[in-house]
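Enquirer: Structure incoming, see below.
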Amino acid sequence: MIPAIFSQALLRGVRGRCPRCEEGGLFRKWLKPRERCPACALDLTPQRADDFPAYVAMLVTGHLLAPLIIALSLDYALGPLAMMAILVPLALVMMLGMLQPAKGGIIATQWWFGMHGFVKERLPEDSAGS
Ligand SMILES: [Zn+2]
């Protein structure tokens with residue numbers, strides 16, 4: 001039920017699932033998290049993702065688009081209007097598509113590390129090996 005490693009919790013959050021049980025959905029609407037997991041009743045109100053998902057989406061989009069921008073301008077010698085017609089819609093779709101997974105991953109991270117009033121539920125690291 002409770003994930004054994006951080007990446008498992010993170011992946012659940014990125015997929016929009018509850019980081020603790022994976023059964024319940026994390027979001028009520030697109031970017032509106034539920035107050036409680038419908039499956040395991042994890043209290044999700046301590047989450048403080050704020051605008052960090054937007055920063056993550058911009059950072060990832062920028063790094064993915066940079067090689068494309070360079071390739072388009074060097075290999076195809078497109079004019080500014082053609083570049084904008086390709087890049088602006090692509091950037092919008094990428095950023096909007098990344099917001100919910102980024103927010104889910106951030107909420108899962110906050111839960112895993114017991115931030116902002118989340119209760120740290122995983123076992124201490126040193127008890128795993130002994
Ligand atoms: Zn749950």
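Quick note on naming: the chains in the structure tokens go A, B, ... in the order shown, residues restart at 1 in each chain, and ligands are numbered from 1 in order of appearance.
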Taking only C-alpha atoms and all ligand atoms and a cut-off of 9 Å, can you tell me which residues surround ligand 1, written as a list in words?

Expert: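 Written in the requested form, the residues are Met1, Arg17, Cys18, Pro19, Arg20, Cys21, Glu22, Glu23, Gly24, Gly25, Leu26, Arg36, Cys37, Pro38, Ala39, Cys40, Ala41, Leu42 and Asp43 of chain A.
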
Enquirer: Can I get the selection written as a short mmCIF file (atom, residue, chain, number, x, y, z; two decimals), in the first residue's frame, with C-alpha atoms?

Expert:
```cif
data_model
loop_
_atom_site.label_atom_id
_atom_site.label_comp_id
_atom_site.auth_asym_id
_atom_site.auth_seq_id
_atom_site.Cartn_x
_atom_site.Cartn_y
_atom_site.Cartn_z
CA MET A 1 0.00 0.00 0.00
CA ARG A 17 -3.02 8.75 -8.47
CA CYS A 18 -2.86 8.95 -4.69
CA PRO A 19 0.83 8.65 -3.67
CA ARG A 20 -0.03 6.47 -0.67
CA CYS A 21 -2.46 3.86 -2.06
CA GLU A 22 -2.49 4.39 -5.88
CA GLU A 23 -6.22 3.51 -5.84
CA GLY A 24 -7.79 6.93 -5.50
CA GLY A 25 -7.48 9.81 -7.94
CA LEU A 26 -5.49 12.83 -6.82
CA ARG A 36 -9.10 13.44 0.68
CA CYS A 37 -8.15 10.31 -1.24
CA PRO A 38 -11.44 8.48 -1.96
CA ALA A 39 -9.77 5.10 -1.42
CA CYS A 40 -7.49 5.47 1.62
CA ALA A 41 -8.74 8.82 3.05
CA LEU A 42 -5.28 10.42 2.94
CA ASP A 43 -5.76 14.10 3.85
#
```

Enquirer: Can you pull out the residues contacting Ile106 in chain A? Cut-off 12 Å, using only C-alpha atoms, and skip same-chain residues under 3 positions away; I want them as a PyMOL selection string.

Expert: chain A and resi 6-7+9-16+18-19+26+33+47-57+99-103+109-113+115

Enquirer: Write the residues of the preceding selection, restricted to N, CA and C atoms, as a CSV table (one decimal), in the first residue's frame.

Expert:
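Result went into again-v3.csv, see below:
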```
chain,number,residue,atom,x,y,z
A,6,PHE,N,10.9,6.4,-3.0
A,6,PHE,CA,10.3,7.7,-3.3
A,6,PHE,C,9.9,7.7,-4.8
A,7,SER,N,10.6,7.1,-5.7
A,7,SER,CA,10.3,7.2,-7.1
A,7,SER,C,8.9,6.5,-7.4
A,9,ALA,N,6.3,6.6,-5.3
A,9,ALA,CA,5.3,7.6,-4.8
A,9,ALA,C,5.3,8.7,-5.9
A,10,LEU,N,6.4,9.1,-6.4
A,10,LEU,CA,6.5,10.2,-7.4
A,10,LEU,C,5.7,9.8,-8.6
A,11,LEU,N,6.0,8.6,-9.1
A,11,LEU,CA,5.3,8.1,-10.3
A,11,LEU,C,3.8,8.1,-10.1
A,12,ARG,N,3.3,7.6,-9.0
A,12,ARG,CA,1.9,7.6,-8.7
A,12,ARG,C,1.3,9.0,-8.8
A,13,GLY,N,2.0,10.0,-8.2
A,13,GLY,CA,1.6,11.4,-8.3
A,13,GLY,C,1.6,11.9,-9.7
A,14,VAL,N,2.6,11.6,-10.5
A,14,VAL,CA,2.7,12.1,-11.9
A,14,VAL,C,1.5,11.5,-12.7
A,15,ARG,N,1.1,10.3,-12.4
A,15,ARG,CA,0.0,9.7,-13.1
A,15,ARG,C,-1.3,10.1,-12.5
A,16,GLY,N,-1.4,11.0,-11.6
A,16,GLY,CA,-2.6,11.5,-11.0
A,16,GLY,C,-3.3,10.6,-10.0
A,18,CYS,N,-3.2,8.7,-6.1
A,18,CYS,CA,-2.9,9.0,-4.7
A,18,CYS,C,-1.5,8.4,-4.4
A,19,PRO,N,-0.5,9.2,-3.9
A,19,PRO,CA,0.8,8.7,-3.7
A,19,PRO,C,0.9,7.6,-2.6
A,26,LEU,N,-6.0,11.7,-7.6
A,26,LEU,CA,-5.5,12.8,-6.8
A,26,LEU,C,-6.3,14.1,-7.1
A,33,PRO,N,-6.8,19.5,-6.6
A,33,PRO,CA,-6.7,18.3,-5.9
A,33,PRO,C,-7.9,18.0,-5.0
A,47,GLN,N,-1.2,19.9,1.0
A,47,GLN,CA,-0.3,20.2,-0.1
A,47,GLN,C,-0.2,21.6,-0.4
A,48,ARG,N,1.0,22.0,-0.8
A,48,ARG,CA,1.3,23.4,-1.1
A,48,ARG,C,2.1,23.5,-2.4
A,49,ALA,N,1.5,23.0,-3.5
A,49,ALA,CA,2.2,23.0,-4.8
A,49,ALA,C,2.3,24.4,-5.3
A,50,ASP,N,1.3,25.2,-5.0
A,50,ASP,CA,1.3,26.7,-5.4
A,50,ASP,C,1.6,26.8,-6.9
A,51,ASP,N,2.6,27.6,-7.3
A,51,ASP,CA,2.9,27.8,-8.7
A,51,ASP,C,4.1,27.0,-9.2
A,52,PHE,N,4.6,26.1,-8.3
A,52,PHE,CA,5.8,25.3,-8.7
A,52,PHE,C,5.5,24.4,-9.9
A,53,PRO,N,4.3,23.8,-10.1
A,53,PRO,CA,4.1,23.1,-11.3
A,53,PRO,C,4.3,23.9,-12.6
A,54,ALA,N,3.9,25.2,-12.5
A,54,ALA,CA,4.1,26.0,-13.7
A,54,ALA,C,5.6,26.2,-14.0
A,55,TYR,N,6.4,26.3,-13.0
A,55,TYR,CA,7.9,26.5,-13.2
A,55,TYR,C,8.4,25.2,-13.8
A,56,VAL,N,8.0,24.1,-13.2
A,56,VAL,CA,8.5,22.8,-13.8
A,56,VAL,C,8.1,22.6,-15.2
A,57,ALA,N,6.8,22.9,-15.5
A,57,ALA,CA,6.4,22.8,-16.9
A,57,ALA,C,7.1,23.7,-17.9
A,99,LEU,N,1.2,20.4,-16.8
A,99,LEU,CA,0.8,21.0,-15.5
A,99,LEU,C,0.3,20.0,-14.5
A,100,GLN,N,-0.7,19.1,-14.9
A,100,GLN,CA,-1.3,18.2,-13.9
A,100,GLN,C,-0.2,17.1,-13.5
A,101,PRO,N,0.5,16.5,-14.4
A,101,PRO,CA,1.5,15.6,-13.9
A,101,PRO,C,2.5,16.2,-13.0
A,102,ALA,N,2.9,17.5,-13.3
A,102,ALA,CA,3.9,18.2,-12.5
A,102,ALA,C,3.3,18.4,-11.1
A,103,LYS,N,2.1,18.8,-11.1
A,103,LYS,CA,1.4,19.1,-9.8
A,103,LYS,C,1.3,17.8,-9.0
A,109,THR,N,5.7,14.3,-3.8
A,109,THR,CA,7.0,14.6,-3.1
A,109,THR,C,6.7,15.2,-1.7
A,110,GLN,N,5.8,16.2,-1.6
A,110,GLN,CA,5.5,16.8,-0.3
A,110,GLN,C,5.0,15.7,0.7
A,111,TRP,N,4.2,14.8,0.2
A,111,TRP,CA,3.7,13.8,1.1
A,111,TRP,C,4.8,12.9,1.5
A,112,TRP,N,5.6,12.5,0.6
A,112,TRP,CA,6.7,11.5,0.9
A,112,TRP,C,7.6,12.1,1.9
A,113,PHE,N,8.0,13.4,1.8
A,113,PHE,CA,8.9,14.0,2.7
A,113,PHE,C,8.2,14.6,3.9
A,115,MET,N,6.1,17.1,4.2
A,115,MET,CA,6.2,18.6,4.2
A,115,MET,C,4.9,19.2,4.5
```

Enquirer: Under the rule that only C-alpha atoms are counted, which of A:Leu44, A:Leu96, A:Ala4, A:Val60 is the nearest residue to Ala108 in chain A?

Expert: A:Leu44

Enquirer: From range 11-126 of chain A, collect each residue whose DSSP state is alpha helix (DSSP H) and return the set as a PyMOL selection string.

Expert: chain A and resi 11-14+52-75+80-112+126

Enquirer: Between A:Pro46, A:Pro3, A:Pro80, A:Gly105, which one has atoms that come closest to Gly117 in chain A, using only C-alpha atoms?

Expert: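 Closest residue, counting only C-alpha atoms: A:Pro46.
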
Enquirer: Leaving out Met94 in chain A and any residue of its chain fewer than 4 positions from it, which residues lie within 7 Å of it when counting only C-alpha atoms, given as a PyMOL selection string?

Expert: chain A and resi 61+90+98

Enquirer: Enumerate as a PyMOL selection string all residues of chain A assigned to strand (DSSP E or B) by DSSP on the backbone, naming them with the chain letters and numbers the document uses.

Expert: chain A and resi 17+25+27+33+36+43

Enquirer: Given the selection you just returned, output its residues as a file containing N, CA and C atoms, formatted as a PDB file, in the first residue's frame.

Expert:
```pdb
ATOM      1  N   ARG A  17      -2.487   9.690  -9.449  1.00  0.00           N
ATOM      2  CA  ARG A  17      -3.024   8.749  -8.468  1.00  0.00           C
ATOM      3  C   ARG A  17      -2.546   9.150  -7.081  1.00  0.00           C
ATOM      4  N   GLY A  25      -7.982   8.735  -7.086  1.00  0.00           N
ATOM      5  CA  GLY A  25      -7.482   9.806  -7.939  1.00  0.00           C
ATOM      6  C   GLY A  25      -7.061  11.001  -7.096  1.00  0.00           C
ATOM      7  N   PHE A  27      -6.905  14.197  -8.292  1.00  0.00           N
ATOM      8  CA  PHE A  27      -7.503  15.460  -8.709  1.00  0.00           C
ATOM      9  C   PHE A  27      -9.023  15.356  -8.841  1.00  0.00           C
ATOM     10  N   PRO A  33      -6.821  19.521  -6.633  1.00  0.00           N
ATOM     11  CA  PRO A  33      -6.671  18.254  -5.914  1.00  0.00           C
ATOM     12  C   PRO A  33      -7.877  17.994  -5.014  1.00  0.00           C
ATOM     13  N   ARG A  36      -9.386  14.719   0.072  1.00  0.00           N
ATOM     14  CA  ARG A  36      -9.101  13.440   0.678  1.00  0.00           C
ATOM     15  C   ARG A  36      -9.054  12.384  -0.414  1.00  0.00           C
ATOM     16  N   ASP A  43      -5.422  12.673   3.857  1.00  0.00           N
ATOM     17  CA  ASP A  43      -5.763  14.096   3.848  1.00  0.00           C
ATOM     18  C   ASP A  43      -4.809  14.827   2.910  1.00  0.00           C
TER      19      ASP A  43
END
```

Enquirer: By how many Å are CA of Tyr76 in chain A and CA of Ala91 in chain A apart?

Expert: 19.1 Å
